[in-house]
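Quick notes on the structure that follows.
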Amino acid sequence: MTSLFDPIEIGHIPLSNRIAMAPLTRNRSPGAVPNDLNVTYYEQRATAGLLISEGTPISHQGQGYAQVPGLYLPESIEGWKRVTSAVHAAGGHIAAQLWHVGRVSHTSLQPNGGQPVAPSAIRAKSKTYIVNEDGTGGFVETSEPRALALDEIPGILEDYRRAARAAIDAGFDAVEIHAANGYLIDQFLRSNANARTDAYGGSIENRTRFALEVVDVIAREIGAERTGIRLSPVTPANDVSDPDPQPLFNHLIEALAAHDLAFIHVIEGATGGPRDNLPFDWAGFKAAYRARGGKAAWMVNNGYDRAMAMDAVASGRADMVSFGKAFIANPDLVQRLKDDAPLNEADRATFYGGGADGYTNYPRMA
Ligand code: 8OZ
């Protein structure tokens with residue numbers, strides 16, 4: 001029987017166990033550049049089989065939150081090189097999460113204070129995080145977006161291509177395409193955010209087109225074996241919804257089977273919330289992918305504890321499990337899970353922004 005603690009190869013990357021650190025926005029990289037504190041944070045967690053970086057904007061336009069590290073400035077790539085070398089020196093592996101927020105942004109974070117872009121001019125009833133002039137941070141309502149013109153889409157695909165190449169140049173082992181949680185790709189997928197009448201809106205084929213084009217452009221640039229994708233078929237995060245998610249996401253996953261991707265990362269349920277918010281056949285979703293010959297590692301996420309994670313891998317339901325909050329509070333999470341040791345509790349007050357407190361000062365086991 002396979003164990004959570006057994007090694008696994010994803011693409012050509014040999015991982016020492018099947019535990020991943022989920023991507024976690026921490027807002028501790030002023031100027032979009034990874035710094036010493038960020039190096040320490042990732043290095044401390046390098047015993048995870050795979051670290052997935054916090055969401056990393058592919059462009060200034062893809063920015064939606066203050067002080068997140070990017071992949072579009074030369075200084076950011078230099079900063080990430082220091083993170084990836086520290087992780088590798090500690091025996092770990094790390095994927096960069098490539099992120100375009102679409103409408104989940106604020107004019108103060110956009111080039112020239114412009115409007116955020118989206119499939120359609122429909123504002124998300126959600127919040128984003130900005131830093132005020134006095135240095136204090138806070139959540140504010142997202143700004144009214146404008147609909148992308150058809151001829152702007154190739155430019156965004158080019159930004160994804162360039163960012164994927166930058167991630168490899170920065171020493172990342174792989175990239176994860178952020179297609180979850182109501183950001184740009186998910187806005188194209190779900191009908192309440194996509195009212196387009198061109199080739200990118202309407203039918204399931206049209207709404208999945210942008211996601212598949214992003215996968216295609218990145219897989220051609222860096223290789224499908226270094227490409228993963230994160231999906232959240234039923235999350236209400238950032239105000240996205242769809243009346244009929246199963247055929248939509250089954251169509252997408254079946255199309256993804258044509259690429260030899262490294263991993264598929266699935267958020268089951270409402271991100272960071274209930275796992276049963278809406279009906280969805282998770283086993284059928286995975287089976288649809290395998291039936292089309294999809295071979296990527298199947299990584300599951302959302303509210304997994306030790307017993308659930310061990311069972312998911314032992315039963316073959318999943319190949320890997322990712323943990324978010326548990327990794328914030330437990331840099332040695334892998335050892336703690338192995339030993340069935342108690343976990344430190346994560347402190348919400350220090351999730352977003354700030355310094356070492358609640359970031360690099362969680363204790364390891366004695
Ligand atoms: C929490 C706060 C800000 C961003 C996501 C990137 O939900 C995020 C995020 C989460 O995927």
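Chain labels run A, B, ... following the order of the structure tokens; each chain numbers its residues from 1, and ligands are numbered from 1 in the order shown.
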
Using only C-alpha atoms, tabulate the residues of segment 188-248 of chain A lying at most 12 Å from any atom of segment 41-53 of chain A, each with its closest atom pair and that distance in Å to one decimal, by chain and increasing residue number, as CSV.
```
residue,atom,partner,partner_atom,distance
A:Thr227,CA,A:Ile52,CA,12.0
A:Gly228,CA,A:Ile52,CA,10.3
A:Ile229,CA,A:Ile52,CA,11.1
A:Arg230,CA,A:Ile52,CA,10.7
```

Near-ligand residues for ligand 1, threshold 8 Å, only C-alpha atoms and all ligand atoms, as a ChimeraX atom specification: /A:23-26,54-55,65,99,128-129,178,180-183,237,271,352

Could you please take those selected residues and save all heavy atoms as a short mmCIF file (atom, residue, chain, number, x, y, z; two decimals), in the first residue's frame?
```cif
data_model
loop_
_atom_site.label_atom_id
_atom_site.label_comp_id
_atom_site.auth_asym_id
_atom_site.auth_seq_id
_atom_site.Cartn_x
_atom_site.Cartn_y
_atom_site.Cartn_z
N PRO A 23 0.00 26.65 -2.13
CA PRO A 23 0.35 28.06 -2.33
C PRO A 23 -0.35 28.92 -1.29
O PRO A 23 -1.54 28.74 -1.04
CB PRO A 23 -0.17 28.36 -3.74
CG PRO A 23 -1.21 27.32 -4.01
CD PRO A 23 -0.79 26.10 -3.24
N LEU A 24 0.39 29.85 -0.68
CA LEU A 24 -0.15 30.66 0.42
C LEU A 24 0.28 32.11 0.27
O LEU A 24 1.48 32.41 0.34
CB LEU A 24 0.38 30.12 1.76
CG LEU A 24 -0.07 28.70 2.12
CD1 LEU A 24 0.89 28.07 3.13
CD2 LEU A 24 -1.49 28.71 2.65
N THR A 25 -0.68 32.98 0.04
CA THR A 25 -0.39 34.41 -0.07
C THR A 25 -0.02 34.95 1.30
O THR A 25 -0.76 34.78 2.27
CB THR A 25 -1.63 35.13 -0.65
OG1 THR A 25 -1.80 34.68 -1.98
CG2 THR A 25 -1.46 36.64 -0.64
N ARG A 26 1.16 35.60 1.40
CA ARG A 26 1.63 36.07 2.71
C ARG A 26 1.97 37.57 2.73
O ARG A 26 2.28 38.12 3.79
CB ARG A 26 2.86 35.25 3.15
CG ARG A 26 2.66 33.72 3.20
CD ARG A 26 1.49 33.26 4.07
NE ARG A 26 1.51 33.78 5.43
CZ ARG A 26 2.17 33.24 6.46
NH1 ARG A 26 2.85 32.13 6.28
NH2 ARG A 26 2.13 33.79 7.65
N GLU A 54 3.73 30.91 -3.11
CA GLU A 54 2.58 31.80 -3.05
C GLU A 54 2.27 32.29 -4.47
O GLU A 54 3.14 32.26 -5.35
CB GLU A 54 2.90 32.97 -2.14
CG GLU A 54 4.10 33.80 -2.58
CD GLU A 54 4.77 34.47 -1.39
OE1 GLU A 54 4.25 35.48 -0.90
OE2 GLU A 54 5.82 33.98 -0.94
N GLY A 55 1.06 32.73 -4.71
CA GLY A 55 0.66 33.23 -6.01
C GLY A 55 1.63 34.33 -6.45
O GLY A 55 1.92 35.25 -5.69
N TYR A 65 -2.81 42.26 -5.22
CA TYR A 65 -2.62 42.37 -3.77
C TYR A 65 -1.27 43.03 -3.51
O TYR A 65 -0.29 42.76 -4.21
CB TYR A 65 -2.61 40.99 -3.12
CG TYR A 65 -3.90 40.23 -3.26
CD1 TYR A 65 -4.19 39.53 -4.43
CD2 TYR A 65 -4.84 40.19 -2.23
CE1 TYR A 65 -5.38 38.81 -4.57
CE2 TYR A 65 -6.02 39.49 -2.35
CZ TYR A 65 -6.29 38.80 -3.52
OH TYR A 65 -7.45 38.10 -3.66
N TRP A 99 0.21 33.48 -11.58
CA TRP A 99 -1.06 34.08 -11.16
C TRP A 99 -1.38 35.32 -11.97
O TRP A 99 -0.53 36.20 -12.14
CB TRP A 99 -0.89 34.46 -9.69
CG TRP A 99 -2.08 34.84 -8.88
CD1 TRP A 99 -3.38 34.54 -9.09
CD2 TRP A 99 -2.02 35.58 -7.64
NE1 TRP A 99 -4.14 35.04 -8.06
CE2 TRP A 99 -3.33 35.67 -7.16
CE3 TRP A 99 -0.99 36.15 -6.89
CZ2 TRP A 99 -3.65 36.34 -5.96
CZ3 TRP A 99 -1.30 36.81 -5.71
CH2 TRP A 99 -2.61 36.89 -5.26
N THR A 128 -9.77 42.89 -1.86
CA THR A 128 -8.36 42.66 -2.06
C THR A 128 -7.58 43.43 -1.01
O THR A 128 -8.16 44.19 -0.23
CB THR A 128 -7.92 43.01 -3.50
OG1 THR A 128 -6.55 42.67 -3.63
CG2 THR A 128 -8.11 44.46 -3.81
N TYR A 129 -6.28 43.18 -0.97
CA TYR A 129 -5.44 43.71 0.12
C TYR A 129 -4.52 44.78 -0.43
O TYR A 129 -3.77 44.53 -1.38
CB TYR A 129 -4.64 42.54 0.68
CG TYR A 129 -3.71 42.88 1.82
CD1 TYR A 129 -4.16 42.87 3.14
CD2 TYR A 129 -2.38 43.18 1.59
CE1 TYR A 129 -3.30 43.16 4.20
CE2 TYR A 129 -1.51 43.47 2.63
CZ TYR A 129 -1.99 43.46 3.93
OH TYR A 129 -1.13 43.75 4.96
N HIS A 178 -2.26 28.94 -11.81
CA HIS A 178 -3.36 29.22 -10.87
C HIS A 178 -4.64 29.44 -11.67
O HIS A 178 -4.89 30.51 -12.20
CB HIS A 178 -3.03 30.47 -10.04
CG HIS A 178 -3.92 30.66 -8.84
ND1 HIS A 178 -5.07 29.93 -8.64
CD2 HIS A 178 -3.82 31.49 -7.76
CE1 HIS A 178 -5.64 30.32 -7.50
NE2 HIS A 178 -4.90 31.27 -6.95
N ALA A 180 -7.61 28.64 -10.25
CA ALA A 180 -8.60 28.41 -9.18
C ALA A 180 -9.05 29.73 -8.56
O ALA A 180 -8.63 30.82 -8.96
CB ALA A 180 -8.00 27.49 -8.12
N ASN A 181 -9.93 29.58 -7.57
CA ASN A 181 -10.27 30.65 -6.62
C ASN A 181 -10.75 31.97 -7.21
O ASN A 181 -10.55 33.04 -6.62
CB ASN A 181 -9.08 30.88 -5.67
CG ASN A 181 -8.82 29.65 -4.83
OD1 ASN A 181 -9.67 28.78 -4.73
ND2 ASN A 181 -7.64 29.57 -4.22
N GLY A 182 -11.37 31.89 -8.38
CA GLY A 182 -12.02 33.09 -8.91
C GLY A 182 -11.08 34.10 -9.53
O GLY A 182 -11.46 35.27 -9.71
N TYR A 183 -9.86 33.71 -9.87
CA TYR A 183 -8.96 34.64 -10.55
C TYR A 183 -9.14 34.51 -12.08
O TYR A 183 -10.06 33.84 -12.53
CB TYR A 183 -7.51 34.41 -10.08
CG TYR A 183 -7.40 34.73 -8.60
CD1 TYR A 183 -7.25 33.74 -7.65
CD2 TYR A 183 -7.53 36.06 -8.16
CE1 TYR A 183 -7.20 34.05 -6.28
CE2 TYR A 183 -7.50 36.37 -6.80
CZ TYR A 183 -7.33 35.37 -5.87
OH TYR A 183 -7.31 35.69 -4.54
N ALA A 237 -15.05 31.29 -4.01
CA ALA A 237 -14.06 32.33 -3.72
C ALA A 237 -14.07 33.42 -4.77
O ALA A 237 -14.16 33.15 -5.97
CB ALA A 237 -12.66 31.70 -3.64
N THR A 271 -12.81 26.84 -0.93
CA THR A 271 -11.43 27.05 -0.52
C THR A 271 -11.32 27.51 0.93
O THR A 271 -11.89 28.54 1.31
CB THR A 271 -10.76 28.10 -1.43
OG1 THR A 271 -11.07 27.77 -2.79
CG2 THR A 271 -9.26 28.14 -1.24
N TYR A 352 -1.43 37.68 6.61
CA TYR A 352 -1.17 38.61 5.50
C TYR A 352 -0.40 39.83 5.97
O TYR A 352 -0.89 40.60 6.80
CB TYR A 352 -2.49 39.04 4.85
CG TYR A 352 -3.39 37.87 4.52
CD1 TYR A 352 -4.57 37.65 5.21
CD2 TYR A 352 -3.01 36.95 3.53
CE1 TYR A 352 -5.38 36.55 4.92
CE2 TYR A 352 -3.82 35.86 3.24
CZ TYR A 352 -4.99 35.65 3.93
OH TYR A 352 -5.78 34.58 3.65
#
```

Check segment 74-275 of chain A with DSSP on the backbone and list each residue it calls strand (DSSP E), as a short mmCIF file (atom, residue, chain, number, x, y, z; two decimals) with all heavy atoms, in the first residue's frame.
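selection-v1.cif written:
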```
data_model
loop_
_atom_site.label_atom_id
_atom_site.label_comp_id
_atom_site.auth_asym_id
_atom_site.auth_seq_id
_atom_site.Cartn_x
_atom_site.Cartn_y
_atom_site.Cartn_z
N ILE A 94 10.57 22.94 -5.53
CA ILE A 94 9.61 24.06 -5.44
C ILE A 94 9.06 24.44 -6.82
O ILE A 94 9.80 24.54 -7.80
CB ILE A 94 10.25 25.28 -4.72
CG1 ILE A 94 9.25 26.45 -4.60
CG2 ILE A 94 11.56 25.73 -5.39
CD1 ILE A 94 9.65 27.51 -3.58
N ALA A 95 7.75 24.61 -6.87
CA ALA A 95 7.05 25.08 -8.08
C ALA A 95 6.62 26.53 -7.86
O ALA A 95 6.27 26.91 -6.75
CB ALA A 95 5.83 24.21 -8.35
N ALA A 96 6.63 27.31 -8.92
CA ALA A 96 6.16 28.70 -8.86
C ALA A 96 4.69 28.74 -9.25
O ALA A 96 4.32 28.21 -10.31
CB ALA A 96 6.94 29.58 -9.83
N GLN A 97 3.85 29.35 -8.44
CA GLN A 97 2.46 29.49 -8.85
C GLN A 97 2.29 30.74 -9.70
O GLN A 97 2.53 31.86 -9.24
CB GLN A 97 1.50 29.55 -7.65
CG GLN A 97 0.08 29.23 -8.13
CD GLN A 97 -1.00 29.65 -7.18
OE1 GLN A 97 -0.97 30.75 -6.64
NE2 GLN A 97 -1.99 28.79 -7.00
N LEU A 98 1.89 30.55 -10.96
CA LEU A 98 1.73 31.67 -11.91
C LEU A 98 0.31 32.19 -11.82
O LEU A 98 -0.65 31.45 -12.03
CB LEU A 98 2.03 31.20 -13.34
CG LEU A 98 3.40 30.58 -13.58
CD1 LEU A 98 3.58 30.34 -15.08
CD2 LEU A 98 4.53 31.44 -13.04
N TRP A 99 0.21 33.48 -11.58
CA TRP A 99 -1.06 34.08 -11.16
C TRP A 99 -1.38 35.32 -11.97
O TRP A 99 -0.53 36.20 -12.14
CB TRP A 99 -0.89 34.46 -9.69
CG TRP A 99 -2.08 34.84 -8.88
CD1 TRP A 99 -3.38 34.54 -9.09
CD2 TRP A 99 -2.02 35.58 -7.64
NE1 TRP A 99 -4.14 35.04 -8.06
CE2 TRP A 99 -3.33 35.67 -7.16
CE3 TRP A 99 -0.99 36.15 -6.89
CZ2 TRP A 99 -3.65 36.34 -5.96
CZ3 TRP A 99 -1.30 36.81 -5.71
CH2 TRP A 99 -2.61 36.89 -5.26
N VAL A 117 -8.53 44.08 -15.46
CA VAL A 117 -9.14 43.46 -16.65
C VAL A 117 -9.82 42.15 -16.28
O VAL A 117 -9.43 41.49 -15.32
CB VAL A 117 -8.11 43.24 -17.77
CG1 VAL A 117 -7.51 44.57 -18.21
CG2 VAL A 117 -7.04 42.24 -17.36
N ALA A 118 -10.81 41.78 -17.08
CA ALA A 118 -11.61 40.58 -16.79
C ALA A 118 -12.24 40.10 -18.10
O ALA A 118 -12.24 40.83 -19.09
CB ALA A 118 -12.69 40.92 -15.79
N LYS A 127 -12.96 41.20 -1.84
CA LYS A 127 -12.00 42.21 -1.37
C LYS A 127 -10.59 41.87 -1.81
O LYS A 127 -10.29 40.71 -2.10
CB LYS A 127 -12.04 42.25 0.16
CG LYS A 127 -13.43 42.61 0.65
CD LYS A 127 -13.41 43.35 1.95
CE LYS A 127 -14.72 44.04 2.04
NZ LYS A 127 -15.28 44.58 3.06
N THR A 128 -9.77 42.89 -1.86
CA THR A 128 -8.36 42.66 -2.06
C THR A 128 -7.58 43.43 -1.01
O THR A 128 -8.16 44.19 -0.23
CB THR A 128 -7.92 43.01 -3.50
OG1 THR A 128 -6.55 42.67 -3.63
CG2 THR A 128 -8.11 44.46 -3.81
N TYR A 129 -6.28 43.18 -0.97
CA TYR A 129 -5.44 43.71 0.12
C TYR A 129 -4.52 44.78 -0.43
O TYR A 129 -3.77 44.53 -1.38
CB TYR A 129 -4.64 42.54 0.68
CG TYR A 129 -3.71 42.88 1.82
CD1 TYR A 129 -4.16 42.87 3.14
CD2 TYR A 129 -2.38 43.18 1.59
CE1 TYR A 129 -3.30 43.16 4.20
CE2 TYR A 129 -1.51 43.47 2.63
CZ TYR A 129 -1.99 43.46 3.93
OH TYR A 129 -1.13 43.75 4.96
N ILE A 130 -4.60 45.97 0.11
CA ILE A 130 -3.69 47.04 -0.31
C ILE A 130 -2.93 47.59 0.90
O ILE A 130 -3.31 47.33 2.04
CB ILE A 130 -4.43 48.20 -1.04
CG1 ILE A 130 -5.43 48.88 -0.10
CG2 ILE A 130 -5.13 47.71 -2.29
CD1 ILE A 130 -5.95 50.20 -0.65
N VAL A 131 -1.86 48.31 0.62
CA VAL A 131 -1.12 48.96 1.70
C VAL A 131 -1.31 50.47 1.52
O VAL A 131 -1.11 51.01 0.44
CB VAL A 131 0.37 48.57 1.68
CG1 VAL A 131 1.16 49.41 2.67
CG2 VAL A 131 0.52 47.09 2.02
N GLY A 137 -1.70 48.00 6.28
CA GLY A 137 -2.38 47.21 5.25
C GLY A 137 -3.84 47.02 5.60
O GLY A 137 -4.23 47.16 6.76
N GLY A 138 -4.65 46.72 4.58
CA GLY A 138 -6.04 46.43 4.88
C GLY A 138 -6.76 45.91 3.65
O GLY A 138 -6.29 46.08 2.51
N PHE A 139 -7.89 45.25 3.87
CA PHE A 139 -8.69 44.73 2.77
C PHE A 139 -9.67 45.80 2.28
O PHE A 139 -10.26 46.51 3.08
CB PHE A 139 -9.43 43.45 3.21
CG PHE A 139 -8.52 42.26 3.24
CD1 PHE A 139 -7.79 41.94 4.37
CD2 PHE A 139 -8.36 41.47 2.10
CE1 PHE A 139 -6.92 40.84 4.39
CE2 PHE A 139 -7.51 40.38 2.10
CZ PHE A 139 -6.79 40.06 3.25
N VAL A 140 -9.79 45.95 0.97
CA VAL A 140 -10.72 46.92 0.36
C VAL A 140 -11.51 46.22 -0.76
O VAL A 140 -11.09 45.19 -1.28
CB VAL A 140 -9.96 48.11 -0.29
CG1 VAL A 140 -9.30 48.98 0.76
CG2 VAL A 140 -8.96 47.65 -1.33
N GLU A 141 -12.65 46.81 -1.11
CA GLU A 141 -13.47 46.29 -2.22
C GLU A 141 -12.67 46.31 -3.52
O GLU A 141 -11.91 47.26 -3.76
CB GLU A 141 -14.69 47.19 -2.42
CG GLU A 141 -15.51 47.42 -1.18
CD GLU A 141 -16.70 46.49 -1.11
OE1 GLU A 141 -17.48 46.46 -2.08
OE2 GLU A 141 -16.80 45.76 -0.10
N ARG A 146 -12.71 46.21 -16.50
CA ARG A 146 -13.16 46.38 -17.89
C ARG A 146 -12.95 45.04 -18.60
O ARG A 146 -12.06 44.25 -18.24
CB ARG A 146 -12.37 47.50 -18.58
CG ARG A 146 -10.92 47.20 -18.80
CD ARG A 146 -10.23 48.28 -19.64
NE ARG A 146 -8.81 47.95 -19.78
CZ ARG A 146 -8.33 47.11 -20.70
NH1 ARG A 146 -9.13 46.52 -21.57
NH2 ARG A 146 -7.03 46.85 -20.75
N ALA A 147 -13.80 44.82 -19.63
CA ALA A 147 -13.72 43.56 -20.37
C ALA A 147 -12.51 43.57 -21.30
O ALA A 147 -12.24 44.57 -21.97
CB ALA A 147 -14.99 43.35 -21.18
N ALA A 174 9.29 23.57 -11.36
CA ALA A 174 8.04 23.45 -12.12
C ALA A 174 7.23 24.72 -11.91
O ALA A 174 7.62 25.59 -11.12
CB ALA A 174 7.23 22.25 -11.62
N VAL A 175 6.13 24.83 -12.63
CA VAL A 175 5.17 25.90 -12.37
C VAL A 175 3.80 25.28 -12.10
O VAL A 175 3.50 24.19 -12.58
CB VAL A 175 5.05 26.92 -13.54
CG1 VAL A 175 6.40 27.53 -13.89
CG2 VAL A 175 4.39 26.31 -14.75
N GLU A 176 3.02 26.00 -11.33
CA GLU A 176 1.61 25.65 -11.16
C GLU A 176 0.80 26.80 -11.74
O GLU A 176 0.94 27.95 -11.29
CB GLU A 176 1.26 25.45 -9.68
CG GLU A 176 -0.24 25.24 -9.49
CD GLU A 176 -0.67 25.01 -8.04
OE1 GLU A 176 -0.55 23.87 -7.57
OE2 GLU A 176 -1.13 25.97 -7.39
N ILE A 177 -0.05 26.51 -12.70
CA ILE A 177 -0.94 27.52 -13.27
C ILE A 177 -2.09 27.73 -12.28
O ILE A 177 -2.80 26.77 -11.95
CB ILE A 177 -1.47 27.07 -14.64
CG1 ILE A 177 -0.31 26.87 -15.63
CG2 ILE A 177 -2.51 28.06 -15.17
CD1 ILE A 177 -0.70 26.09 -16.88
N HIS A 178 -2.26 28.94 -11.81
CA HIS A 178 -3.36 29.22 -10.87
C HIS A 178 -4.64 29.44 -11.67
O HIS A 178 -4.89 30.51 -12.20
CB HIS A 178 -3.03 30.47 -10.04
CG HIS A 178 -3.92 30.66 -8.84
ND1 HIS A 178 -5.07 29.93 -8.64
CD2 HIS A 178 -3.82 31.49 -7.76
CE1 HIS A 178 -5.64 30.32 -7.50
NE2 HIS A 178 -4.90 31.27 -6.95
N THR A 227 4.91 21.33 -15.77
CA THR A 227 3.71 22.17 -15.65
C THR A 227 2.63 21.47 -14.85
O THR A 227 2.31 20.30 -15.12
CB THR A 227 3.18 22.50 -17.07
OG1 THR A 227 4.24 23.09 -17.83
CG2 THR A 227 2.00 23.46 -17.01
N GLY A 228 2.07 22.16 -13.89
CA GLY A 228 0.91 21.67 -13.14
C GLY A 228 -0.18 22.72 -13.19
O GLY A 228 0.03 23.85 -13.68
N ILE A 229 -1.36 22.37 -12.71
CA ILE A 229 -2.47 23.33 -12.72
C ILE A 229 -3.32 23.14 -11.47
O ILE A 229 -3.46 22.02 -10.98
CB ILE A 229 -3.32 23.19 -14.01
CG1 ILE A 229 -4.37 24.31 -14.12
CG2 ILE A 229 -3.99 21.81 -14.09
CD1 ILE A 229 -5.00 24.42 -15.51
N ARG A 230 -3.84 24.25 -10.94
CA ARG A 230 -4.71 24.19 -9.76
C ARG A 230 -6.13 24.60 -10.14
O ARG A 230 -6.33 25.65 -10.75
CB ARG A 230 -4.17 25.11 -8.66
CG ARG A 230 -4.84 24.86 -7.31
CD ARG A 230 -4.20 25.66 -6.20
NE ARG A 230 -4.42 25.00 -4.91
CZ ARG A 230 -4.63 25.63 -3.77
NH1 ARG A 230 -4.63 26.95 -3.73
NH2 ARG A 230 -4.81 24.96 -2.65
N LEU A 231 -7.08 23.75 -9.77
CA LEU A 231 -8.49 23.96 -10.11
C LEU A 231 -9.35 23.91 -8.84
O LEU A 231 -9.01 23.19 -7.89
CB LEU A 231 -8.97 22.85 -11.06
CG LEU A 231 -8.17 22.68 -12.35
CD1 LEU A 231 -8.59 21.39 -13.07
CD2 LEU A 231 -8.38 23.88 -13.27
N PHE A 263 1.35 17.60 -12.59
CA PHE A 263 0.35 17.38 -11.54
C PHE A 263 -0.91 18.20 -11.78
O PHE A 263 -0.89 19.23 -12.46
CB PHE A 263 0.92 17.69 -10.14
CG PHE A 263 1.34 19.13 -9.92
CD1 PHE A 263 0.49 20.04 -9.32
CD2 PHE A 263 2.61 19.57 -10.30
CE1 PHE A 263 0.88 21.37 -9.11
CE2 PHE A 263 3.02 20.88 -10.10
CZ PHE A 263 2.15 21.79 -9.50
N ILE A 264 -2.00 17.67 -11.24
CA ILE A 264 -3.30 18.34 -11.23
C ILE A 264 -3.62 18.55 -9.75
O ILE A 264 -3.60 17.59 -8.97
CB ILE A 264 -4.41 17.46 -11.85
CG1 ILE A 264 -4.03 16.93 -13.23
CG2 ILE A 264 -5.76 18.18 -11.83
CD1 ILE A 264 -4.27 17.81 -14.39
N HIS A 265 -3.88 19.78 -9.37
CA HIS A 265 -4.07 20.13 -7.95
C HIS A 265 -5.51 20.57 -7.77
O HIS A 265 -5.92 21.59 -8.34
CB HIS A 265 -3.08 21.26 -7.64
CG HIS A 265 -2.98 21.62 -6.19
ND1 HIS A 265 -2.14 22.63 -5.76
CD2 HIS A 265 -3.58 21.14 -5.08
CE1 HIS A 265 -2.24 22.73 -4.44
NE2 HIS A 265 -3.10 21.85 -4.01
N VAL A 266 -6.27 19.82 -7.01
CA VAL A 266 -7.71 20.04 -6.93
C VAL A 266 -8.14 20.50 -5.54
O VAL A 266 -7.91 19.80 -4.55
CB VAL A 266 -8.46 18.73 -7.28
CG1 VAL A 266 -9.97 18.97 -7.27
CG2 VAL A 266 -8.02 18.21 -8.65
N ILE A 267 -8.77 21.66 -5.47
CA ILE A 267 -9.36 22.14 -4.22
C ILE A 267 -10.77 21.56 -4.16
O ILE A 267 -11.64 21.91 -4.97
CB ILE A 267 -9.41 23.67 -4.17
CG1 ILE A 267 -8.00 24.26 -4.31
CG2 ILE A 267 -10.09 24.16 -2.88
CD1 ILE A 267 -7.97 25.78 -4.49
#
```

One-decimal distance in Å that lies between atom CA of Gln110 of chain A and atom CA of His60 of chain A: 6.5 Å

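Compared by their closest atoms to Glu158 of chain A, and using only C-alpha atoms, the residues A:His88, A:Arg207, A:Arg123, A:Arg220 rank with A:Arg220 nearest.
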
Long-range neighbours of Phe327 of chain A as a ChimeraX atom specification, 9 Å cut-off, only C-alpha atoms, 5 positions minimum in chain: /A:21-22,45,332-333,346

Generate a file of the selected residues that holds all heavy atoms, formatted as a short mmCIF file (atom, residue, chain, number, x, y, z; two decimals), in the first residue's frame.
```cif
data_model
loop_
_atom_site.label_atom_id
_atom_site.label_comp_id
_atom_site.auth_asym_id
_atom_site.auth_seq_id
_atom_site.Cartn_x
_atom_site.Cartn_y
_atom_site.Cartn_z
N MET A 21 3.32 21.66 0.14
CA MET A 21 2.86 22.89 0.79
C MET A 21 2.01 23.63 -0.24
O MET A 21 2.48 23.94 -1.34
CB MET A 21 4.01 23.77 1.26
CG MET A 21 3.50 25.06 1.90
SD MET A 21 4.72 25.95 2.87
CE MET A 21 5.32 27.13 1.68
N ALA A 22 0.76 23.89 0.10
CA ALA A 22 -0.14 24.60 -0.81
C ALA A 22 0.35 26.04 -1.01
O ALA A 22 1.05 26.57 -0.15
CB ALA A 22 -1.55 24.61 -0.22
N ARG A 45 10.63 25.11 5.34
CA ARG A 45 9.56 24.17 5.00
C ARG A 45 9.98 23.18 3.91
O ARG A 45 9.14 22.46 3.36
CB ARG A 45 8.31 24.97 4.59
CG ARG A 45 7.67 25.62 5.83
CD ARG A 45 6.80 26.81 5.56
NE ARG A 45 6.24 27.33 6.82
CZ ARG A 45 6.95 28.06 7.72
NH1 ARG A 45 8.21 28.39 7.47
NH2 ARG A 45 6.38 28.44 8.84
N ASP A 332 8.05 22.03 10.26
CA ASP A 332 8.42 20.62 10.23
C ASP A 332 7.17 19.73 10.14
O ASP A 332 7.10 18.67 10.77
CB ASP A 332 9.25 20.25 11.47
CG ASP A 332 8.54 20.65 12.77
OD1 ASP A 332 7.49 21.35 12.72
OD2 ASP A 332 9.02 20.26 13.85
N LEU A 333 6.19 20.17 9.35
CA LEU A 333 4.92 19.43 9.25
C LEU A 333 5.12 17.97 8.87
O LEU A 333 4.45 17.08 9.40
CB LEU A 333 3.98 20.13 8.25
CG LEU A 333 2.61 19.45 8.10
CD1 LEU A 333 1.80 19.51 9.39
CD2 LEU A 333 1.82 20.06 6.95
N ALA A 346 -2.30 27.77 13.73
CA ALA A 346 -1.93 28.95 12.92
C ALA A 346 -2.68 30.19 13.42
O ALA A 346 -3.86 30.11 13.77
CB ALA A 346 -2.28 28.70 11.46
#
```
